[in-house]
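Participant: Got a structure for you, written out below as structure tokens; questions coming shortly.
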Amino acid sequence: MQHNQECSLILNIVAKVRADHPTLSCRAMYYKINPISMGRDAFEDMCYQYGYKTEQVRSKHRTTDSSGVIRFENLTIGINLTAINQLFSSDITYFEINEKFYYITFVMDCFSRFILGYSVSSRLTTEQTTLPALTQAIKKRGNTIPENIILHSDGGGQYYDKEFLKLTNKYKMRNSMCEFAWENGKAERINGIIKNNYLKHYDIKSFAHLVEKVDLAVSLYNNDRPHKSLKYKTPKHYENIY
């Protein structure tokens, strides 16, 4: 069995695949995800351990191991947002092209719904997912973000990797984690909007094409798409007036 942190990187995606395909077998998920660092038998053992063996029932198990794994308190419960730069939310989703998985990571400001940073990658490593996405988000804010911004995520290993925590500590961010997907609902909705309302309509054929279209989708989402929750303003406009 692989180290807990490495397992959590993969289990984060397993949970999302099983949510989309409730009856997909663990073996089929292995060939879809095709993890570079884990063999088929180890992958299946890991899935069985975390409750994914019963194919007819969607697993309710957490996607990270509580032993040997860093978990942060959920700091978003009862929070009342009044401005930007109070709460950032992040999540990793997958996109399939010709039976190969790629990964998209978003970091958004929860007050304005503005996507501040994102990355598109072929691997699930922190260096290709959360680290570049958060680095871009901080740069988008001019590298001068205030202290104590909450960075909220699920329990995936990319969010407690030592290099990622170096970055959040450098900018004195407060790490926060959900236990259930609905506790990170804004980030989950971003995933769905970008994938289902944009990317799936672009007939994407390659990784380079995916990168190009994610750029386009994020631009359209931030600058052109009115949001009911923002009084039918775009995220960019909402940031400018509040």
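Labels for the structure tokens follow display order: chains A, B, ..., residues from 1 in each chain, ligands from 1.
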Write out as a list in words which residues come within 9 Å of Val211 in chain A when counting only C-alpha atoms, dropping same-chain ones fewer than 3 positions away.
Facilitator: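 Residues near the query, excluding close chain neighbours: Ser119, Val120, Ser121, Ser206, Phe207, Ala208, Val214, Asp215 and Leu216 of chain A.
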Participant: Write out as a JSON list (two decimals) with N, CA and C atoms, in the first residue's frame which residues come within 12 Å of Gly185 in chain A when counting only C-alpha atoms, dropping same-chain ones fewer than 2 positions away.
Facilitator:
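Output contents, as saved in around_7.json:
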[["chain", "number", "residue", "atom", "x", "y", "z"],
["A", 76, "THR", "N", -15.12, 27.45, 7.74],
["A", 76, "THR", "CA", -16.15, 28.17, 6.98],
["A", 76, "THR", "C", -17.53, 28.08, 7.60],
["A", 89, "SER", "N", -11.60, 29.26, -2.00],
["A", 89, "SER", "CA", -11.97, 27.85, -2.03],
["A", 89, "SER", "C", -11.31, 27.18, -3.23],
["A", 90, "SER", "N", -10.90, 25.92, -3.06],
["A", 90, "SER", "CA", -10.18, 25.23, -4.12],
["A", 90, "SER", "C", -10.65, 23.79, -4.23],
["A", 91, "ASP", "N", -10.56, 23.26, -5.44],
["A", 91, "ASP", "CA", -10.89, 21.85, -5.67],
["A", 91, "ASP", "C", -10.20, 21.40, -6.94],
["A", 108, "MET", "N", -10.88, 29.97, -6.17],
["A", 108, "MET", "CA", -11.82, 31.07, -6.37],
["A", 108, "MET", "C", -12.00, 31.87, -5.10],
["A", 110, "CYS", "N", -14.63, 33.28, -2.75],
["A", 110, "CYS", "CA", -16.02, 32.87, -2.51],
["A", 110, "CYS", "C", -16.98, 34.04, -2.42],
["A", 113, "ARG", "N", -17.05, 34.97, -6.40],
["A", 113, "ARG", "CA", -17.05, 33.80, -7.29],
["A", 113, "ARG", "C", -16.01, 33.92, -8.41],
["A", 152, "HIS", "N", -9.94, 27.16, 1.78],
["A", 152, "HIS", "CA", -10.79, 26.01, 2.08],
["A", 152, "HIS", "C", -10.70, 24.98, 0.96],
["A", 153, "SER", "N", -10.67, 23.70, 1.32],
["A", 153, "SER", "CA", -10.52, 22.63, 0.34],
["A", 153, "SER", "C", -11.10, 21.34, 0.90],
["A", 154, "ASP", "N", -11.03, 20.28, 0.10],
["A", 154, "ASP", "CA", -11.32, 18.96, 0.64],
["A", 154, "ASP", "C", -10.05, 18.43, 1.32],
["A", 178, "CYS", "N", -12.96, 20.57, 4.42],
["A", 178, "CYS", "CA", -14.30, 20.01, 4.62],
["A", 178, "CYS", "C", -14.19, 18.51, 4.84],
["A", 179, "GLU", "N", -15.22, 17.94, 5.43],
["A", 179, "GLU", "CA", -15.30, 16.49, 5.57],
["A", 179, "GLU", "C", -16.14, 15.88, 4.46],
["A", 180, "PHE", "N", -17.16, 16.62, 4.01],
["A", 180, "PHE", "CA", -18.06, 16.15, 2.97],
["A", 180, "PHE", "C", -18.04, 17.14, 1.81],
["A", 181, "ALA", "N", -18.30, 16.66, 0.58],
["A", 181, "ALA", "CA", -18.19, 17.49, -0.61],
["A", 181, "ALA", "C", -19.08, 18.72, -0.54],
["A", 182, "TRP", "N", -20.29, 18.58, 0.03],
["A", 182, "TRP", "CA", -21.20, 19.72, 0.07],
["A", 182, "TRP", "C", -20.68, 20.86, 0.93],
["A", 183, "GLU", "N", -19.68, 20.57, 1.78],
["A", 183, "GLU", "CA", -19.09, 21.63, 2.59],
["A", 183, "GLU", "C", -18.07, 22.45, 1.80],
["A", 187, "ALA", "N", -16.79, 25.55, -4.73],
["A", 187, "ALA", "CA", -15.75, 25.01, -5.60],
["A", 187, "ALA", "C", -16.29, 23.87, -6.45],
["A", 188, "GLU", "N", -17.14, 23.03, -5.87],
["A", 188, "GLU", "CA", -17.75, 21.94, -6.63],
["A", 188, "GLU", "C", -18.60, 22.48, -7.77],
["A", 189, "ARG", "N", -19.32, 23.58, -7.52],
["A", 189, "ARG", "CA", -20.16, 24.17, -8.58],
["A", 189, "ARG", "C", -19.30, 24.75, -9.70],
["A", 190, "ILE", "N", -18.17, 25.34, -9.34],
["A", 190, "ILE", "CA", -17.26, 25.85, -10.37],
["A", 190, "ILE", "C", -16.83, 24.70, -11.28],
["A", 191, "ASN", "N", -16.47, 23.58, -10.69],
["A", 191, "ASN", "CA", -16.08, 22.42, -11.49],
["A", 191, "ASN", "C", -17.17, 22.08, -12.50],
["A", 192, "GLY", "N", -18.39, 21.98, -12.02],
["A", 192, "GLY", "CA", -19.50, 21.60, -12.89],
["A", 192, "GLY", "C", -19.77, 22.60, -13.98]]
Participant: Counting only C-alpha atoms, figure out which residue out of A:Ser8, A:Gln86, A:Asn222, A:Thr93 gets nearest to Asp109 in chain A.
Facilitator: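 Looking only at the distances to Asp109 in chain A, the closest residue turns out to be A:Gln86.
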Participant: Fewer than 3 positions away in the same chain doesn't count, so skip those; otherwise give me all residues within 8 Å of Glu44 in chain A, counting only C-alpha atoms, as a PyMOL selection string.
Facilitator: chain A and resi 26-27+30+40-41+47-48
Participant: Counting only C-alpha atoms, which residue out of A:Asn74, A:Phe88, A:Ser122, A:Ser112 sits closest to Pro35 in chain A?
Facilitator: A:Ser122
Participant: Would you mind listing what lies within 12 Å of Lys170 in chain A as an mmCIF file with N, CA and C atoms, in the first residue's frame, with only C-alpha atoms counted and same-chain residues fewer than 4 positions away left out?
Facilitator:
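What ended up in part_34.cif:
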data_model
loop_
_atom_site.group_PDB
_atom_site.id
_atom_site.type_symbol
_atom_site.label_atom_id
_atom_site.label_comp_id
_atom_site.auth_asym_id
_atom_site.auth_seq_id
_atom_site.Cartn_x
_atom_site.Cartn_y
_atom_site.Cartn_z
ATOM 1 N N THR A 135 -0.518 29.805 -6.552
ATOM 2 C CA THR A 135 0.486 30.814 -6.912
ATOM 3 C C THR A 135 -0.107 31.828 -7.879
ATOM 4 N N ILE A 138 -2.593 34.170 -6.000
ATOM 5 C CA ILE A 138 -1.901 35.207 -5.231
ATOM 6 C C ILE A 138 -1.362 36.292 -6.167
ATOM 7 N N ASN A 143 0.163 39.891 -5.446
ATOM 8 C CA ASN A 143 1.133 39.386 -4.474
ATOM 9 C C ASN A 143 1.095 40.131 -3.145
ATOM 10 N N THR A 144 -0.019 40.783 -2.861
ATOM 11 C CA THR A 144 -0.133 41.573 -1.625
ATOM 12 C C THR A 144 -1.437 41.249 -0.905
ATOM 13 N N ILE A 145 -1.765 39.982 -0.797
ATOM 14 C CA ILE A 145 -3.017 39.625 -0.151
ATOM 15 C C ILE A 145 -2.938 39.880 1.352
ATOM 16 N N PRO A 146 -4.068 40.212 1.983
ATOM 17 C CA PRO A 146 -4.061 40.427 3.438
ATOM 18 C C PRO A 146 -3.833 39.125 4.184
ATOM 19 N N GLU A 147 -3.446 39.227 5.437
ATOM 20 C CA GLU A 147 -3.265 38.052 6.265
ATOM 21 C C GLU A 147 -4.616 37.443 6.642
ATOM 22 N N ASN A 148 -4.565 36.176 6.999
ATOM 23 C CA ASN A 148 -5.711 35.449 7.550
ATOM 24 C C ASN A 148 -6.808 35.117 6.542
ATOM 25 N N ILE A 149 -6.501 35.139 5.250
ATOM 26 C CA ILE A 149 -7.456 34.605 4.291
ATOM 27 C C ILE A 149 -7.603 33.103 4.551
ATOM 28 N N GLU A 163 5.079 21.500 0.482
ATOM 29 C CA GLU A 163 5.368 22.651 -0.372
ATOM 30 C C GLU A 163 4.153 23.576 -0.479
ATOM 31 N N PHE A 164 2.968 22.984 -0.502
ATOM 32 C CA PHE A 164 1.750 23.803 -0.526
ATOM 33 C C PHE A 164 1.607 24.576 0.784
ATOM 34 N N LEU A 165 1.871 23.917 1.904
ATOM 35 C CA LEU A 165 1.761 24.586 3.202
ATOM 36 C C LEU A 165 2.819 25.667 3.370
ATOM 37 N N LYS A 166 3.976 25.497 2.752
ATOM 38 C CA LYS A 166 4.974 26.576 2.766
ATOM 39 C C LYS A 166 4.399 27.836 2.145
ATOM 40 N N ARG A 174 -5.022 30.821 6.372
ATOM 41 C CA ARG A 174 -5.543 29.853 7.340
ATOM 42 C C ARG A 174 -6.124 28.667 6.577
#
Participant: Assign secondary structure with DSSP using the backbone only, and return the residues of range 34-169 of chain A in strand (DSSP E) as an MDAnalysis selection string.
Facilitator: chainID A and resid 87:97 100:109 114:121 150:153
Participant: Closest to Cys7 in chain A among A:Ile92, A:Pro22, A:Gly157, A:Thr130, using only C-alpha atoms?
Facilitator: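 Counting only C-alpha atoms, the residue closest to Cys7 in chain A is A:Gly157.
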Participant: Using only C-alpha atoms, which of the listed residues (A:Leu124, A:Met29, A:Ile193, A:Ala15) sits closest to Ile104 in chain A?
Facilitator: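 Among the listed residues, A:Leu124 lies closest to Ile104 in chain A.
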Participant: Rank nothing, just name the residue among A:Tyr102, A:Tyr202, A:Tyr221, A:Tyr238 nearest to Gln128 in chain A, using only C-alpha atoms.
Facilitator: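 Of A:Tyr102, A:Tyr202, A:Tyr221, A:Tyr238, the one nearest Gln128 in chain A is A:Tyr102, counting only C-alpha atoms.
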Participant: Any idea what's packed within 9 Å of Lys16 in chain A, counting only C-alpha atoms, ignoring anything in its chain fewer than 4 positions away? Could you give it as a list of chain:residue names?
Facilitator: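 Near Lys16 in chain A, the qualifying residues are A:Leu11, A:Asn12, A:Asp20, A:His21, A:Thr93, A:Tyr94.
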Participant: Please save N, CA and C atoms of the selected residues as a tab-separated table (two decimals), in the first residue's frame.
Facilitator:
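After the write, part_15.tsv holds the following:
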chain	number	residue	atom	x	y	z
A	11	LEU	N	-7.29	9.03	-4.28
A	11	LEU	CA	-8.64	8.81	-3.77
A	11	LEU	C	-9.53	10.03	-4.00
A	12	ASN	N	-8.94	11.20	-4.03
A	12	ASN	CA	-9.70	12.42	-4.32
A	12	ASN	C	-10.38	12.31	-5.68
A	20	ASP	N	-19.65	10.27	-10.63
A	20	ASP	CA	-20.15	10.37	-12.01
A	20	ASP	C	-20.57	9.02	-12.56
A	21	HIS	N	-19.92	7.95	-12.11
A	21	HIS	CA	-20.18	6.60	-12.62
A	21	HIS	C	-20.41	5.67	-11.42
A	93	THR	N	-10.67	18.72	-10.20
A	93	THR	CA	-11.58	17.87	-10.93
A	93	THR	C	-10.83	17.22	-12.09
A	94	TYR	N	-11.49	16.35	-12.80
A	94	TYR	CA	-10.83	15.67	-13.91
A	94	TYR	C	-11.58	15.95	-15.21
Participant: If you run DSSP on this backbone, which residues of range 59-238 of chain A come out as alpha helix (DSSP H), and could you give them as a PyMOL selection string?
Facilitator: chain A and resi 130-140+162-170+185-192+207-223+235-238
Participant: Using the selection just defined, write its residues with N, CA and C atoms as a short mmCIF file (atom, residue, chain, number, x, y, z; two decimals), in the first residue's frame.
Facilitator:
data_model
loop_
_atom_site.label_atom_id
_atom_site.label_comp_id
_atom_site.auth_asym_id
_atom_site.auth_seq_id
_atom_site.Cartn_x
_atom_site.Cartn_y
_atom_site.Cartn_z
N THR A 130 -2.35 22.03 -7.16
CA THR A 130 -2.69 23.10 -6.21
C THR A 130 -1.64 24.20 -6.12
N LEU A 131 -0.38 23.83 -6.23
CA LEU A 131 0.68 24.83 -6.07
C LEU A 131 0.64 25.89 -7.16
N PRO A 132 0.61 25.53 -8.45
CA PRO A 132 0.53 26.58 -9.47
C PRO A 132 -0.79 27.33 -9.45
N ALA A 133 -1.88 26.66 -9.09
CA ALA A 133 -3.18 27.35 -9.05
C ALA A 133 -3.19 28.42 -7.96
N LEU A 134 -2.70 28.09 -6.77
CA LEU A 134 -2.68 29.09 -5.70
C LEU A 134 -1.66 30.18 -5.97
N THR A 135 -0.52 29.80 -6.55
CA THR A 135 0.49 30.81 -6.91
C THR A 135 -0.11 31.83 -7.88
N GLN A 136 -0.87 31.35 -8.86
CA GLN A 136 -1.51 32.25 -9.81
C GLN A 136 -2.55 33.12 -9.13
N ALA A 137 -3.29 32.54 -8.18
CA ALA A 137 -4.31 33.31 -7.46
C ALA A 137 -3.68 34.46 -6.67
N ILE A 138 -2.59 34.17 -6.00
CA ILE A 138 -1.90 35.21 -5.23
C ILE A 138 -1.36 36.29 -6.17
N LYS A 139 -0.80 35.88 -7.29
CA LYS A 139 -0.30 36.84 -8.28
C LYS A 139 -1.44 37.70 -8.80
N LYS A 140 -2.62 37.10 -9.01
CA LYS A 140 -3.78 37.85 -9.49
C LYS A 140 -4.16 38.96 -8.53
N LYS A 162 3.78 19.49 1.98
CA LYS A 162 4.65 20.46 2.66
C LYS A 162 4.96 21.68 1.80
N GLU A 163 5.08 21.50 0.48
CA GLU A 163 5.37 22.65 -0.37
C GLU A 163 4.15 23.58 -0.48
N PHE A 164 2.97 22.98 -0.50
CA PHE A 164 1.75 23.80 -0.53
C PHE A 164 1.61 24.58 0.78
N LEU A 165 1.87 23.92 1.90
CA LEU A 165 1.76 24.59 3.20
C LEU A 165 2.82 25.67 3.37
N LYS A 166 3.98 25.50 2.75
CA LYS A 166 4.97 26.58 2.77
C LYS A 166 4.40 27.84 2.14
N LEU A 167 3.65 27.66 1.06
CA LEU A 167 3.07 28.82 0.37
C LEU A 167 1.98 29.46 1.21
N THR A 168 1.07 28.65 1.76
CA THR A 168 0.00 29.25 2.58
C THR A 168 0.58 29.89 3.84
N ASN A 169 1.61 29.30 4.41
CA ASN A 169 2.24 29.90 5.60
C ASN A 169 2.95 31.21 5.26
N LYS A 170 3.58 31.24 4.09
CA LYS A 170 4.28 32.46 3.67
C LYS A 170 3.34 33.64 3.64
N GLY A 185 -19.08 23.48 -1.44
CA GLY A 185 -20.04 23.54 -2.53
C GLY A 185 -19.71 24.54 -3.62
N LYS A 186 -19.18 25.70 -3.26
CA LYS A 186 -18.88 26.71 -4.28
C LYS A 186 -17.82 26.20 -5.25
N ALA A 187 -16.79 25.55 -4.73
CA ALA A 187 -15.75 25.01 -5.60
C ALA A 187 -16.29 23.87 -6.45
N GLU A 188 -17.14 23.03 -5.87
CA GLU A 188 -17.75 21.94 -6.63
C GLU A 188 -18.60 22.48 -7.77
N ARG A 189 -19.32 23.58 -7.52
CA ARG A 189 -20.16 24.17 -8.58
C ARG A 189 -19.30 24.75 -9.70
N ILE A 190 -18.17 25.34 -9.34
CA ILE A 190 -17.26 25.85 -10.37
C ILE A 190 -16.83 24.70 -11.28
N ASN A 191 -16.47 23.58 -10.69
CA ASN A 191 -16.08 22.42 -11.49
C ASN A 191 -17.17 22.08 -12.50
N GLY A 192 -18.39 21.98 -12.02
CA GLY A 192 -19.50 21.60 -12.89
C GLY A 192 -19.77 22.60 -13.98
N PHE A 207 -4.36 17.57 -24.99
CA PHE A 207 -4.04 18.31 -23.77
C PHE A 207 -3.84 19.79 -24.07
N ALA A 208 -3.11 20.10 -25.13
CA ALA A 208 -2.87 21.51 -25.49
C ALA A 208 -4.19 22.22 -25.78
N HIS A 209 -5.09 21.51 -26.45
CA HIS A 209 -6.41 22.08 -26.75
C HIS A 209 -7.19 22.31 -25.45
N LEU A 210 -7.06 21.40 -24.50
CA LEU A 210 -7.73 21.56 -23.21
C LEU A 210 -7.22 22.80 -22.48
N VAL A 211 -5.91 22.98 -22.46
CA VAL A 211 -5.34 24.16 -21.81
C VAL A 211 -5.91 25.43 -22.44
N GLU A 212 -5.94 25.46 -23.75
CA GLU A 212 -6.47 26.63 -24.47
C GLU A 212 -7.93 26.89 -24.10
N LYS A 213 -8.73 25.84 -24.05
CA LYS A 213 -10.16 26.01 -23.80
C LYS A 213 -10.47 26.29 -22.33
N VAL A 214 -9.64 25.81 -21.43
CA VAL A 214 -9.83 26.19 -20.03
C VAL A 214 -9.55 27.68 -19.87
N ASP A 215 -8.52 28.18 -20.53
CA ASP A 215 -8.25 29.62 -20.52
C ASP A 215 -9.48 30.40 -20.99
N LEU A 216 -10.07 29.95 -22.09
CA LEU A 216 -11.24 30.62 -22.64
C LEU A 216 -12.42 30.53 -21.68
N ALA A 217 -12.68 29.34 -21.15
CA ALA A 217 -13.82 29.14 -20.27
C ALA A 217 -13.72 30.00 -19.01
N VAL A 218 -12.53 30.06 -18.43
CA VAL A 218 -12.34 30.88 -17.22
C VAL A 218 -12.56 32.36 -17.54
N SER A 219 -12.05 32.81 -18.68
CA SER A 219 -12.26 34.20 -19.07
C SER A 219 -13.74 34.53 -19.26
N LEU A 220 -14.46 33.63 -19.92
CA LEU A 220 -15.89 33.84 -20.13
C LEU A 220 -16.64 33.82 -18.80
N TYR A 221 -16.27 32.88 -17.94
CA TYR A 221 -16.93 32.77 -16.64
C TYR A 221 -16.71 34.03 -15.80
N ASN A 222 -15.47 34.49 -15.74
CA ASN A 222 -15.15 35.65 -14.90
C ASN A 222 -15.69 36.97 -15.45
N ASN A 223 -15.67 37.13 -16.77
CA ASN A 223 -15.89 38.44 -17.37
C ASN A 223 -17.21 38.60 -18.09
N PRO A 235 -18.58 38.02 -12.12
CA PRO A 235 -17.64 38.08 -10.99
C PRO A 235 -16.72 39.30 -11.06
N LYS A 236 -16.22 39.62 -12.24
CA LYS A 236 -15.34 40.79 -12.36
C LYS A 236 -16.08 42.06 -11.99
N HIS A 237 -17.29 42.24 -12.49
CA HIS A 237 -18.06 43.43 -12.18
C HIS A 237 -18.39 43.49 -10.70
N TYR A 238 -18.73 42.36 -10.12
CA TYR A 238 -19.07 42.31 -8.71
C TYR A 238 -17.88 42.72 -7.85
#
Participant: Return the single residue from A:Met46, A:Ile115, A:Arg71, A:Asp203 that is closest to Asp161 in chain A, with distances computed using only C-alpha atoms.
Facilitator: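 Smallest distance to Asp161 in chain A is found for A:Arg71.
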Participant: Could you check how far CA of Glu73 in chain A sits from CA of Ser229 in chain A, in Å to one decimal?
Facilitator: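 Distance between the two atoms: 26.7 Å.
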